[in-house]
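Visitor: What follows is a single structure, and I will ask about it in a moment.
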Amino acid sequence: MTGILVVNAYLSGEKFDTLHKHLVSTAESMDILLKIKNNEEMIFYSGDADFVLFWDKDTNLAKLLENRGYRVFNSARSIELCDDKAKTYLALCGVVKQPKTIIAPLSFFDADYSRFVRRAAEKLGLPLVFKECCGSFGEQVFLCNSIDDIMSHIGTRPFLLQEFIEESAGEDIRLEIVDGRCVAAMKRTNKKDFRSNITNGGTAEPYTPSDAETELAVTACKTLGLTFGGVDVLKGGYVCEVNSNAHIINLLAATGVDVAKDIFNAIINKCK
């Protein structure tokens, strides 16, 4: 079996290299020949492959590859829904429990959002969480204690404002769902930041999720159409975010579970 691992041409660093090499070596151990190609190369690529493992967020390219007849995992639509936090919220609204969220109105130019911010703060209360709609590793996410604080983070990128779940500050659960089941989970804790991300200094330990937490994560992934995904759950049973290509090396280090094997098995089954 042959596959292509699509990565981003403009992201580099040890953590990315480690992940990519791990995926390739795991594939090899399962008799899968997995070639690494970046998103720039794939624009012009016309070779054969049984599947594409799309470890990037270039959704236009993912859709282009689907149009060319490749089996892409996760799908372009699923990646798009996960990459944009506003789209994630809207797709899961009424399906799973989420923090109260208000999506900022779209502006094509620099705009004065002060009136919107005041109204949103009245609805959500302070402090609240400011999130740019697109971002990874907890970046572009800020805890805001005042109107001025919120305003200081507004630029030209789409954003949303979200209820602060205080009891879950610096703590969440990451559940990795593959083909409709939870294959691993870890509890992440950060005593110095309200964001639990390991990149921001958080630590992780193995975690056994409850049936309710597992059902929540499975439902979120099913709704978003994910073959595999990492679901972040806050105390109180709130789905915070869903990742279409979560950094599984951290999960391996915390739990000893190699999620890559489960991902490849799911792809193999779907390609039969």
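Within each chain, counting starts at residue 1; across the structure tokens, chains are named A, B, ... in the order shown, with ligands numbered 1 upward in that order.
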What's the 7 Å shell around Leu216 of chain A, counting only C-alpha atoms, without same-chain residues fewer than 4 positions away, as a list in words?

Guide: Val96, Ala212 and Ala220 of chain A

Visitor: Could you list, as a list in words, every residue within 12 Å of Val95 of chain A, counting only C-alpha atoms and ignoring same-chain residues fewer than 5 positions away?

Guide: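 The neighbour list is Thr88, Tyr89, Leu90, Glu215, Leu216, Ala217, Val218, Thr219, Ala220, Cys221, Lys222, Thr223, Leu224, Tyr238 and Val239 of chain A.
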
Visitor: Residues at most 8 Å from segment 127-135 of chain A, counting only C-alpha atoms, excluding those fewer than 5 positions away in the same chain, as a ChimeraX atom specification?

Guide: /A:83-86,121,140-146,150,153,157-164

Visitor: Measuring between only C-alpha atoms, which one of A:Leu234, A:Asp148, A:Glu122, A:Ile154 shows the shortest distance to Ala169 of chain A?

Guide: A:Leu234

Visitor: Residues of segment 26-272 of chain A in helix (DSSP H, G or I) according to DSSP, as a ChimeraX atom specification?

Guide: /A:26-29,39-43,59-67,76-83,85-92,114-124,147-152,166-168,198-200,211-224,248-255,259-270

Visitor: Counting only C-alpha atoms, figure out which residue out of A:Asp179, A:Val242, A:Pro209, A:Ala185 gets nearest to Lys87 of chain A.

Guide: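 Using only C-alpha atoms, the shortest distance to Lys87 of chain A belongs to A:Val242.
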
Visitor: In terms of the shortest atom-to-atom distance over only C-alpha atoms, which of A:Ala184, A:Ala49, A:Ile147, A:Ile249 is closest to Ile198 of chain A?

Guide: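 Among the listed residues, A:Ile249 lies closest to Ile198 of chain A.
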
Visitor: Enter the distance from atom CA of Ser136 of chain A to atom CA of Tyr45 of chain A, in Å, rounded to one decimal.

Guide: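 According to the coordinates, atom CA of Ser136 of chain A and atom CA of Tyr45 of chain A are separated by 27.3 Å.
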
Visitor: One decimal, Å: what's the distance from atom CA of Asn200 of chain A over to atom CA of Gly230 of chain A, could you say?

Guide: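 Atom-to-atom, atom CA of Asn200 of chain A to atom CA of Gly230 of chain A, that is 17.6 Å.
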
Visitor: With distances taken over only C-alpha atoms, which residue among A:Ile268, A:Leu81, A:Cys240, A:Ile43 lies nearest Pro99 of chain A?

Guide: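 For Pro99 of chain A, the nearest of the candidates is A:Cys240.
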
Visitor: Skipping near chain neighbours, those fewer than 4 positions away, what residues fall within 9 Å of Phe116 of chain A using only C-alpha atoms, listed as a list in words?

Guide: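 Everything that qualifies: Ala104, Pro105, Asp112, Ala120 and Ala121 of chain A.
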
Visitor: Quick check, in Å to one decimal: how far apart do atom CA of Phe51 of chain A and atom CA of Leu11 of chain A lie?

Guide: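 Between atom CA of Phe51 of chain A and atom CA of Leu11 of chain A the gap is 22.5 Å.
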
Visitor: If you run DSSP over the backbone, which residues in segment 74-238 of chain A end up strand (DSSP E or B)? Put them as a PyMOL selection string.

Guide: chain A and resi 101-103+128-132+141-144+159-163+171-178+181-189+203-206+228-234+238

Visitor: Hey, what's within 7 Å of Asn243 of chain A if we count only C-alpha atoms and toss same-chain stuff fewer than 4 positions away? As a compact mmCIF listing (two decimals) with C-alpha atoms, in the first residue's frame, please?

Guide:
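Written output follows (result39.txt):
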```txt
# COMPACT_ATOMS: atom_id res chain seq x y z
CA CYS A 82 -11.79 22.15 12.62
CA GLY A 229 -9.27 13.79 15.65
CA GLY A 230 -8.17 15.17 19.00
CA VAL A 231 -10.99 16.59 21.12
```

Visitor: Show me, as a list in words, the residues that have an atom within 12 Å of Lys37 of chain A when counting only C-alpha atoms, minus same-chain residues fewer than 4 positions from it.

Guide: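 Residues near the query, excluding close chain neighbours: Gly3, Ile4, Leu5, Val6, Val7, Asn8, Ala9, His20, Val24, Glu41, Met42, Ile43, Phe44, Tyr45, Ser46, Gly47, Ala49, Val52, Leu53, Phe54, Trp55 and Asp56 of chain A.
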